[in-house]
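Raw model-v1.cif, mmCIF, C-alpha atoms and all ligand atoms:
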data_model
loop_
_atom_site.label_atom_id
_atom_site.label_comp_id
_atom_site.auth_asym_id
_atom_site.auth_seq_id
_atom_site.Cartn_x
_atom_site.Cartn_y
_atom_site.Cartn_z
CA MET A 1379 26.50 -23.50 -7.38
CA LEU A 1380 25.69 -26.73 -9.16
CA PRO A 1381 27.27 -28.22 -12.28
CA LEU A 1382 24.86 -29.22 -15.04
CA THR A 1383 25.35 -31.36 -18.14
CA GLU A 1384 23.36 -31.01 -21.36
CA LYS A 1385 21.15 -33.89 -20.22
CA ASP A 1386 20.65 -32.25 -16.81
CA LEU A 1387 19.40 -29.11 -18.58
CA GLN A 1388 16.99 -31.19 -20.63
CA ARG A 1389 15.83 -32.97 -17.50
CA LEU A 1390 15.26 -29.60 -15.80
CA SER A 1391 13.17 -28.32 -18.66
CA TYR A 1392 11.15 -31.55 -18.68
CA ASN A 1393 10.64 -31.17 -14.93
CA GLU A 1394 9.21 -27.67 -15.30
CA TYR A 1395 7.21 -28.68 -18.36
CA ILE A 1396 5.33 -31.35 -16.37
CA SER A 1397 5.12 -29.02 -13.36
CA PHE A 1398 3.50 -26.19 -15.30
CA SER A 1399 1.24 -28.73 -17.04
CA CYS A 1400 0.24 -30.00 -13.61
CA ALA A 1401 -0.61 -26.40 -12.61
CA ASN A 1402 -3.16 -26.22 -15.44
CA GLY A 1403 -0.71 -24.66 -17.88
CA THR A 1404 -1.36 -25.10 -21.62
CA ASP A 1405 0.05 -23.78 -24.87
CA SER A 1406 -2.58 -21.04 -24.87
CA ASP A 1407 -1.18 -19.50 -21.67
CA VAL A 1408 1.22 -16.60 -21.48
CA PHE A 1409 3.47 -16.62 -18.40
CA GLN A 1410 5.04 -13.54 -16.87
CA LEU A 1411 8.19 -14.47 -14.94
CA MET A 1412 8.64 -12.09 -11.98
CA LEU A 1413 11.84 -13.65 -10.73
CA THR A 1414 15.59 -13.71 -11.12
CA LEU A 1415 16.70 -15.21 -14.41
CA ASP A 1416 20.43 -14.75 -13.97
CA ARG A 1417 22.81 -14.73 -10.98
CA GLN A 1418 23.11 -18.51 -11.19
CA PHE A 1419 19.50 -18.92 -10.08
CA MET A 1420 18.81 -22.32 -11.59
CA ALA A 1421 15.04 -22.25 -11.22
CA GLY A 1422 14.64 -19.11 -13.35
CA MET A 1423 16.28 -20.81 -16.30
CA ALA A 1424 14.33 -24.01 -15.67
CA TYR A 1425 10.97 -22.18 -15.65
CA TYR A 1426 11.80 -20.45 -18.89
CA GLN A 1427 12.77 -23.71 -20.61
CA GLY A 1428 9.79 -25.61 -19.20
CA ILE A 1429 7.32 -23.00 -20.43
CA ARG A 1430 8.90 -23.04 -23.88
CA ARG A 1431 8.54 -26.81 -23.96
CA LEU A 1432 4.87 -26.39 -23.00
CA GLY A 1433 4.47 -24.23 -26.10
CA ALA A 1434 3.16 -21.31 -24.05
CA GLY A 1435 4.20 -17.68 -24.28
CA VAL A 1436 6.76 -16.39 -21.81
CA LEU A 1437 7.70 -12.92 -20.68
CA ARG A 1438 10.94 -12.44 -18.71
CA VAL A 1439 10.30 -9.31 -16.71
CA GLY A 1440 12.55 -10.25 -13.77
CA PRO A 1441 12.03 -9.61 -10.05
CA GLY A 1442 10.57 -6.51 -8.40
CA VAL A 1443 9.49 -3.20 -9.95
CA PRO A 1444 5.67 -3.35 -9.70
CA SER A 1445 5.23 -0.49 -12.21
CA LEU A 1446 7.09 -2.44 -14.89
CA GLN A 1447 5.18 -5.62 -14.07
CA TRP A 1448 1.82 -3.86 -14.49
CA GLU A 1449 2.94 -2.14 -17.68
CA ASN A 1450 3.66 -5.54 -19.16
CA ILE A 1451 0.50 -7.15 -17.82
CA GLN A 1452 -1.57 -4.42 -19.45
CA ARG A 1453 0.34 -4.51 -22.73
CA ILE A 1454 0.97 -8.24 -23.25
CA GLN A 1455 -2.01 -9.67 -21.31
CA PRO A 1456 -0.38 -12.70 -19.64
CA THR A 1457 -2.70 -15.32 -18.13
CA THR A 1458 -0.32 -16.52 -15.44
CA ILE A 1459 2.29 -14.94 -13.25
CA VAL A 1460 5.18 -16.78 -11.59
CA ALA A 1461 6.22 -14.91 -8.46
CA VAL A 1462 7.09 -14.90 -4.78
CA PRO A 1463 3.73 -14.53 -2.99
CA SER A 1464 4.81 -11.61 -0.78
CA PHE A 1465 5.68 -9.76 -4.01
CA ILE A 1466 2.14 -10.40 -5.29
CA LEU A 1467 0.96 -8.35 -2.28
CA LYS A 1468 3.18 -5.51 -3.48
CA LEU A 1469 1.64 -5.77 -6.95
CA ILE A 1470 -1.81 -5.50 -5.41
CA ALA A 1471 -0.79 -2.48 -3.33
CA TYR A 1472 0.67 -0.76 -6.38
CA ALA A 1473 -2.48 -1.43 -8.39
CA GLU A 1474 -4.62 0.01 -5.60
CA GLU A 1475 -2.53 3.17 -5.45
CA HIS A 1476 -2.67 3.63 -9.21
CA ASN A 1477 -6.32 2.78 -9.84
CA ILE A 1478 -5.61 -0.42 -11.74
CA ASP A 1479 -8.55 -2.82 -11.58
CA ILE A 1480 -6.71 -6.06 -10.80
CA ASN A 1481 -9.78 -8.22 -11.24
CA ALA A 1482 -10.29 -6.89 -14.75
CA SER A 1483 -6.72 -7.85 -15.72
CA SER A 1484 -5.77 -10.78 -17.92
CA VAL A 1485 -4.07 -12.62 -15.01
CA LYS A 1486 -6.06 -15.60 -13.75
CA LYS A 1487 -3.39 -17.79 -12.16
CA ALA A 1488 -0.26 -17.41 -10.06
CA VAL A 1489 2.41 -20.04 -9.61
CA CYS A 1490 3.83 -19.18 -6.19
CA ILE A 1491 7.49 -19.85 -5.50
CA GLY A 1492 9.74 -19.62 -2.47
CA GLU A 1493 7.12 -19.01 0.22
CA ASN A 1494 4.21 -20.97 1.62
CA ILE A 1495 0.67 -19.99 0.72
CA ARG A 1496 -0.97 -22.91 2.51
CA ASN A 1497 -1.19 -24.50 5.92
CA VAL A 1498 -0.46 -28.20 6.31
CA ASP A 1499 -4.16 -29.00 5.88
CA PHE A 1500 -3.89 -27.31 2.43
CA SER A 1501 -6.14 -24.41 3.40
CA LEU A 1502 -4.72 -21.01 2.44
CA ASN A 1503 -2.51 -19.45 5.12
CA VAL A 1504 -2.55 -15.76 6.02
CA LEU A 1505 -0.40 -14.78 3.03
CA GLY A 1506 -2.53 -16.86 0.64
CA ARG A 1507 -5.73 -15.34 1.98
CA MET A 1508 -4.36 -11.79 1.84
CA ILE A 1509 -3.78 -12.29 -1.89
CA THR A 1510 -7.05 -14.02 -2.79
CA ASP A 1511 -9.20 -11.71 -0.64
CA LYS A 1512 -8.31 -8.93 -3.05
CA TRP A 1513 -7.38 -10.64 -6.27
CA ASN A 1514 -9.58 -13.30 -7.77
CA ILE A 1515 -6.81 -15.55 -9.09
CA GLN A 1516 -6.02 -19.20 -8.54
CA LEU A 1517 -2.84 -19.86 -6.58
CA PHE A 1518 -0.60 -22.86 -7.23
CA SER A 1519 1.96 -23.73 -4.62
CA THR A 1520 5.35 -25.20 -5.52
CA TYR A 1521 8.16 -26.73 -3.53
CA ALA A 1522 11.61 -27.28 -5.02
CA SER A 1523 15.29 -26.95 -4.28
CA THR A 1524 18.44 -26.65 -6.34
CA GLU A 1525 19.81 -29.92 -4.97
CA MET A 1526 16.85 -32.02 -6.03
CA GLN A 1527 16.54 -30.33 -9.44
CA THR A 1528 12.89 -31.28 -9.29
CA ALA A 1529 9.70 -29.42 -8.37
CA PHE A 1530 6.61 -30.52 -6.49
CA THR A 1531 3.85 -28.42 -8.01
CA GLU A 1532 0.17 -28.33 -7.23
CA CYS A 1533 -2.57 -29.28 -9.65
CA ASN A 1534 -5.98 -27.68 -9.97
CA ALA A 1535 -7.12 -29.36 -6.73
CA GLY A 1536 -4.60 -27.37 -4.65
CA ARG A 1537 -3.94 -30.26 -2.30
CA GLY A 1538 -0.15 -30.31 -2.16
CA GLY A 1539 2.68 -30.57 -4.66
CA HIS A 1540 2.60 -33.68 -6.85
CA HIS A 1541 5.55 -36.03 -6.88
CA HIS A 1542 6.77 -37.01 -10.34
CA PRO A 1543 8.30 -40.45 -9.76
CA GLU A 1544 10.29 -40.55 -12.99
CA LEU A 1545 12.49 -37.70 -11.68
CA LEU A 1546 13.03 -38.46 -8.03
CA ILE A 1547 12.63 -40.95 -5.21
CA VAL A 1548 11.28 -39.16 -2.16
CA GLU A 1549 11.24 -40.45 1.42
CA LEU A 1550 9.99 -38.68 4.54
CA LEU A 1551 12.05 -39.79 7.53
CA ASP A 1552 11.86 -39.27 11.27
CA GLU A 1553 14.75 -38.48 13.64
CA HIS A 1554 15.77 -42.16 13.61
CA ASP A 1555 15.77 -42.36 9.79
CA GLN A 1556 12.56 -44.36 9.76
CA PRO A 1557 9.78 -43.55 7.25
CA VAL A 1558 6.86 -41.61 8.73
CA GLY A 1559 3.22 -42.28 7.85
CA PRO A 1560 0.93 -39.97 5.86
CA GLY A 1561 0.11 -36.78 7.75
CA GLN A 1562 3.20 -37.09 9.94
CA PRO A 1563 6.06 -34.58 9.71
CA GLY A 1564 9.26 -36.03 8.29
CA GLU A 1565 12.49 -34.84 6.71
CA VAL A 1566 12.36 -34.78 2.92
CA THR A 1567 15.07 -37.18 1.77
CA ILE A 1568 15.66 -37.48 -1.95
CA THR A 1569 17.40 -39.62 -4.52
CA THR A 1570 17.64 -37.96 -7.93
CA LEU A 1571 16.86 -39.98 -11.05
CA GLY A 1572 18.48 -39.07 -14.35
CA VAL A 1573 20.79 -36.40 -12.95
CA GLU A 1574 24.32 -36.72 -14.37
CA ALA A 1575 26.63 -34.03 -13.00
CA MET A 1576 25.63 -34.12 -9.36
CA PRO A 1577 23.32 -37.04 -8.58
CA LEU A 1578 22.29 -37.40 -4.96
CA LEU A 1579 21.58 -40.58 -3.05
CA ARG A 1580 19.23 -40.36 -0.06
CA TYR A 1581 20.15 -36.71 0.41
CA LYS A 1582 18.62 -35.07 3.47
CA THR A 1583 17.24 -31.70 2.47
CA GLY A 1584 16.64 -30.46 6.04
CA ASP A 1585 13.05 -29.56 5.04
CA ILE A 1586 10.20 -30.97 7.09
CA CYS A 1587 7.01 -31.80 5.18
CA GLN A 1588 4.05 -34.15 5.43
CA TYR A 1589 2.62 -36.25 2.63
CA ASP A 1590 -0.79 -37.39 1.51
CA GLU A 1591 -1.15 -40.57 -0.55
CA ILE A 1592 -4.87 -40.57 -1.31
CA PRO A 1593 -5.33 -40.47 -5.11
CA CYS A 1594 -5.95 -36.87 -6.19
CA SER A 1595 -9.16 -35.64 -7.81
CA CYS A 1596 -7.05 -34.62 -10.83
CA GLY A 1597 -6.50 -38.31 -11.59
CA ARG A 1598 -2.86 -38.46 -10.53
CA GLN A 1599 -2.03 -41.28 -8.15
CA THR A 1600 1.26 -39.86 -6.91
CA VAL A 1601 2.08 -38.71 -3.41
CA ARG A 1602 1.48 -35.02 -2.64
CA LEU A 1603 3.71 -33.00 -0.31
CA SER A 1604 2.51 -30.36 2.13
CA PRO A 1605 4.17 -26.96 2.26
CA VAL A 1606 7.45 -26.95 4.17
CA ILE A 1607 6.55 -26.97 7.85
CA GLY A 1608 10.04 -25.89 8.84
CA ARG A 1609 13.73 -26.73 8.79
CA ARG A 1610 14.92 -29.73 10.77
CA LYS A 1611 17.50 -27.74 12.75
CA GLN A 1612 14.97 -25.03 13.60
CA MET A 1613 12.61 -27.44 15.33
CA ILE A 1614 11.46 -26.04 18.68
CA LYS A 1615 10.34 -28.35 21.47
CA TYR A 1616 8.21 -26.13 23.62
CA LYS A 1617 6.19 -27.19 26.65
CA GLY A 1618 5.34 -30.58 25.19
CA THR A 1619 4.66 -29.44 21.64
CA THR A 1620 6.83 -29.41 18.55
CA LEU A 1621 6.88 -26.14 16.66
CA TYR A 1622 8.61 -24.70 13.63
CA PRO A 1623 9.23 -20.99 13.03
CA PRO A 1624 7.00 -20.69 9.89
CA ALA A 1625 3.92 -21.59 11.97
CA LEU A 1626 4.78 -18.80 14.40
CA PHE A 1627 5.42 -16.37 11.52
CA ASP A 1628 2.04 -17.18 10.05
CA LEU A 1629 0.36 -16.69 13.41
CA LEU A 1630 2.05 -13.36 14.05
CA SER A 1631 1.43 -12.07 10.51
CA GLY A 1632 -2.26 -12.67 11.02
CA MET A 1633 -2.41 -10.97 14.38
CA GLU A 1634 -4.30 -7.72 14.53
CA GLY A 1635 -2.27 -4.89 16.04
CA VAL A 1636 1.14 -6.53 15.62
CA LYS A 1637 3.09 -4.63 12.99
CA GLU A 1638 6.46 -6.40 13.05
CA PHE A 1639 8.03 -9.20 15.02
CA VAL A 1640 11.13 -11.31 15.64
CA VAL A 1641 10.96 -14.81 17.11
CA GLU A 1642 13.85 -15.68 19.40
CA VAL A 1643 14.52 -19.10 20.84
CA PHE A 1644 17.05 -19.86 23.57
CA SER A 1645 17.92 -22.57 26.08
CA ASN A 1646 16.74 -22.05 29.65
CA GLU A 1647 18.64 -23.17 32.73
CA ILE A 1648 17.37 -26.75 32.48
CA GLY A 1649 18.41 -26.95 28.82
CA THR A 1650 14.98 -26.90 27.18
CA ASP A 1651 13.75 -24.47 24.56
CA GLU A 1652 12.21 -21.14 25.48
CA ILE A 1653 10.51 -18.79 23.03
CA LEU A 1654 10.69 -15.02 23.28
CA LEU A 1655 8.56 -12.97 20.90
CA HIS A 1656 9.78 -9.46 20.18
CA LEU A 1657 6.75 -7.52 19.03
CA ASN A 1658 6.11 -4.08 17.66
CA ALA A 1659 2.47 -3.41 18.42
CA ALA A 1660 0.13 -0.66 17.25
CA ASP A 1661 -0.03 0.46 20.89
CA GLU A 1662 1.28 -0.80 24.21
CA SER A 1663 -1.91 -0.60 26.23
CA GLU A 1664 -3.10 -3.25 28.66
CA ASP A 1665 -5.95 -3.93 26.31
CA MET A 1666 -3.48 -4.76 23.54
CA GLU A 1667 -1.48 -6.98 25.85
CA ARG A 1668 -4.66 -8.86 26.77
CA LYS A 1669 -5.59 -9.30 23.10
CA VAL A 1670 -2.14 -10.64 22.22
CA ARG A 1671 -2.18 -13.10 25.11
CA SER A 1672 -5.61 -14.47 24.39
CA TYR A 1673 -4.80 -14.80 20.67
CA LEU A 1674 -1.64 -16.80 21.42
CA GLN A 1675 -3.42 -18.86 24.05
CA GLY A 1676 -6.13 -19.72 21.55
CA LYS A 1677 -3.81 -20.56 18.66
CA LEU A 1678 -0.80 -22.06 20.43
CA ARG A 1679 -2.32 -23.17 23.73
CA VAL A 1680 0.86 -21.88 25.38
CA ILE A 1681 2.03 -18.30 25.75
CA PRO A 1682 5.69 -17.62 24.96
CA GLN A 1683 7.51 -14.79 26.68
CA LEU A 1684 6.61 -11.43 25.19
CA ARG A 1685 8.65 -8.30 24.80
CA TYR A 1686 7.35 -5.12 23.23
CA CYS A 1687 9.80 -2.93 21.39
CA SER A 1688 9.97 0.03 19.04
CA MET A 1689 9.96 -0.35 15.27
CA GLN A 1690 13.52 0.92 15.18
CA GLU A 1691 14.63 -1.81 17.55
CA ILE A 1692 12.82 -4.50 15.56
CA LEU A 1693 14.35 -3.34 12.28
CA LYS A 1694 17.78 -3.41 13.87
CA MET A 1695 17.19 -7.05 14.83
CA GLN A 1696 15.73 -7.92 11.43
CA PHE A 1697 18.56 -6.40 9.45
CA PRO A 1698 21.88 -7.17 11.12
CA GLU A 1699 24.93 -6.06 9.19
CA GLY A 1700 25.34 -7.79 5.85
CA SER A 1701 21.83 -9.22 5.74
CA ARG A 1702 19.70 -8.67 2.63
CA LYS A 1703 16.63 -10.56 3.77
CA PRO A 1704 14.87 -9.70 7.02
CA VAL A 1705 15.79 -12.04 9.86
CA LYS A 1706 12.62 -13.10 11.65
CA PHE A 1707 14.06 -16.00 13.59
CA ILE A 1708 17.00 -15.84 15.97
CA ASP A 1709 18.30 -19.11 17.35
CA ASN A 1710 20.30 -18.57 20.53
CA ARG A 1711 20.10 -22.16 21.75
CA LYS A 1712 23.21 -23.78 23.10
ZN ZN A 1801 -3.79 -33.51 -8.35
#
Show me, as structure tokens, the structure contained in the file I just sent.
Amino acid sequence: MLPLTEKDLQRLSYNEYISFSCANGTDSDVFQLMLTLDRQFMAGMAYYQGIRRLGAGVLRVGPGVPSLQWENIQRIQPTTIVAVPSFILKLIAYAEEHNIDINASSVKKAVCIGENIRNVDFSLNVLGRMITDKWNIQLFSTYASTEMQTAFTECNAGRGGHHHPELLIVELLDEHDQPVGPGQPGEVTITTLGVEAMPLLRYKTGDICQYDEIPCSCGRQTVRLSPVIGRRKQMIKYKGTTLYPPALFDLLSGMEGVKEFVVEVFSNEIGTDEILLHLNAADESEDMERKVRSYLQGKLRVIPQLRYCSMQEILKMQFPEGSRKPVKFIDNRK
């Protein structure tokens, strides 16, 4: 939880106003918010205020419930949805089951929150492609956190989230607190500007990103951030390469025949990182095994240890007691 003053609230709404403007938003848009607006979720309130400031229409439908989302899309005709990308897949699935022609709907844009839709080279990742293969809408990626009270949102060019220098100083630092160059992974370190109740000075977010400083085709000269490559403490040093779990998730989500997975990392006897992939595959034939190995070899250049297990076993690992979100990464390193 974060305290906010009146000025902080105004700053938040300004932040989302310029973010939605950056993502091609205008006062003729109608936004459908498919996210939590209460439960102390700061971003929900910020989106709502920012859209109001933009002069656009806004519909607070809340998270989940695809039937309700579609009912509102068909009735109110929003132009833009704001949603978690994996939920957009659920919307598509619901539409397919209920004969709703998604490409004839009023929705043309989606501002994607909470999950990556791009790779570090800004091409769409598996999730991003799964959405756009079926639904002809433009996706805008965003990166934000409660602590920074600022969003990095993509423009029309879709080449990373723009930095708004009036709100934040951003530095990308290596393990020795030295600035990294463009295209190099570094920890996002922020200093808030204009925040009153809880200002932060060179705060390390734990998120690893890259930046690009070439002026954007949209005319903005500010730095653009890549999607989050991973969390600093989840960095895996594996057989001479540096890896982060999201890259493995993306790889495994795009792998034919693999239905569910859990990535485990542990320390071997010489103290270095080992990766064990728990996979639930469509079948456990030798042919499948060969396919999985050659896919990993091609994409990773190294093959982690593999273990095939039943769906039941995977679900048990993904949902340990008290967990609401599926656990896809288990860190057993010493
Ligand atoms: Zn731009």
Neighbouring residues of range 1595-1607 of chain A were defined as those with any atom within 6 Å, considering all atoms listed in the file; residues of the same chain fewer than 6 positions away were excluded. Please report them as a ChimeraX atom specification. /A:1498,1538-1541,1586-1589
Do a neighbour search on Glu1525 in chain A at 12 Å with all atoms listed in the file, toss out local chain neighbours closer than 3 positions, and write the hits as an MDAnalysis selection string. chainID A and resid 1379:1382 1390 1420:1421 1522 1528:1529 1546 1566:1570 1573 1575:1584
Env of Arg1679 in chain A: 10 Å cut, atoms = all atoms listed in the file, seq-sep filter 4 positions within chain, self excluded. Answer as number ranges by chain. A: 1617, 1619, 1672-1675
What is the CA of Asp1585 in chain A-CA of Asn1497 in chain A distance in Å, reported with one decimal? 15.1 Å
Which neighbours of range 1401-1409 of chain A fall inside 9 Å, counting only C-alpha atoms, when residues of the same chain fewer than 4 positions from it are skipped, and could you give them as a list in words?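 Near range 1401-1409 of chain A, the qualifying residues are Tyr1395, Ile1396, Ser1397, Ile1429, Arg1430, Leu1432, Gly1433, Ala1434, Gly1435, Val1436, Leu1437, Arg1438, Ile1454, Gln1455, Pro1456, Thr1457, Thr1458, Ile1459, Val1460, Val1489, Phe1518, Ser1519, Thr1531, Glu1532, Cys1533, Asn1534 and Gly1536 of chain A.
Residue nearest ligand ZN 1801 (chain A), chosen from A:Leu1387, A:Leu1551, A:Ile1614, A:Ile1592 and counting all atoms listed in the file: A:Ile1592.
For range 1414-1417 of chain A, the set of protein, DNA and RNA residues having any atom at most 10 Å away, when counting all atoms listed in the file and skipping those fewer than 5 positions along the same chain, is Gly1422, Met1423, Ala1424, Tyr1425, Tyr1426, Arg1438, Val1439, Gly1440, Pro1441, Gly1442 and Ala1461 of chain A.
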Out of A:Phe1419, A:Phe1644, A:Tyr1472, A:Phe1530, which residue has the shortest atom-to-atom distance to ligand ZN 1801 (chain A) when counting only C-alpha atoms and all ligand atoms? A:Phe1530
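Counting all atoms listed in the file, the residue from A:Met1633, A:Cys1400, A:Val1462, A:Val1548 that sits nearest to Cys1490 in chain A is A:Val1462.
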Pick out the closest residue to ligand ZN 1801 (chain A) from this set: A:Cys1594, A:Asp1386, A:Thr1510, A:Leu1502. Count all atoms listed in the file.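 Looking only at the distances to ligand ZN 1801 (chain A), the closest residue turns out to be A:Cys1594.
Distances here use only C-alpha atoms and all ligand atoms; by that measure, the residue among A:Asn1514, A:Gln1562, A:Ser1483, A:Ser1399 closest to ligand ZN 1801 (chain A) is A:Ser1399.
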Atom completion result for range 1495-1506 of chain A (N, CA and C atoms) as a short mmCIF file (atom, residue, chain, number, x, y, z; two decimals), in the frame of the given file:
data_model
loop_
_atom_site.label_atom_id
_atom_site.label_comp_id
_atom_site.auth_asym_id
_atom_site.auth_seq_id
_atom_site.Cartn_x
_atom_site.Cartn_y
_atom_site.Cartn_z
N ILE A 1495 1.98 -20.66 0.79
CA ILE A 1495 0.67 -19.99 0.72
C ILE A 1495 -0.41 -20.84 1.40
N ARG A 1496 0.01 -22.02 1.87
CA ARG A 1496 -0.97 -22.91 2.51
C ARG A 1496 -0.50 -23.37 3.87
N ASN A 1497 -1.47 -23.81 4.66
CA ASN A 1497 -1.19 -24.50 5.92
C ASN A 1497 -1.03 -25.99 5.60
N VAL A 1498 -0.65 -26.77 6.59
CA VAL A 1498 -0.46 -28.20 6.31
C VAL A 1498 -1.74 -28.92 5.92
N ASP A 1499 -2.90 -28.37 6.31
CA ASP A 1499 -4.16 -29.00 5.88
C ASP A 1499 -4.59 -28.52 4.49
N PHE A 1500 -3.72 -27.82 3.81
CA PHE A 1500 -3.89 -27.31 2.43
C PHE A 1500 -4.83 -26.11 2.33
N SER A 1501 -5.37 -25.65 3.46
CA SER A 1501 -6.14 -24.41 3.40
C SER A 1501 -5.15 -23.26 3.18
N LEU A 1502 -5.62 -22.13 2.66
CA LEU A 1502 -4.72 -21.01 2.44
C LEU A 1502 -4.26 -20.44 3.78
N ASN A 1503 -3.00 -20.10 3.90
CA ASN A 1503 -2.51 -19.45 5.12
C ASN A 1503 -2.79 -17.94 5.03
N VAL A 1504 -2.27 -17.19 5.98
CA VAL A 1504 -2.55 -15.76 6.02
C VAL A 1504 -2.12 -15.07 4.72
N LEU A 1505 -0.91 -15.38 4.26
CA LEU A 1505 -0.40 -14.78 3.03
C LEU A 1505 -1.30 -15.13 1.84
N GLY A 1506 -1.66 -16.40 1.73
CA GLY A 1506 -2.53 -16.86 0.64
C GLY A 1506 -3.88 -16.16 0.66
#
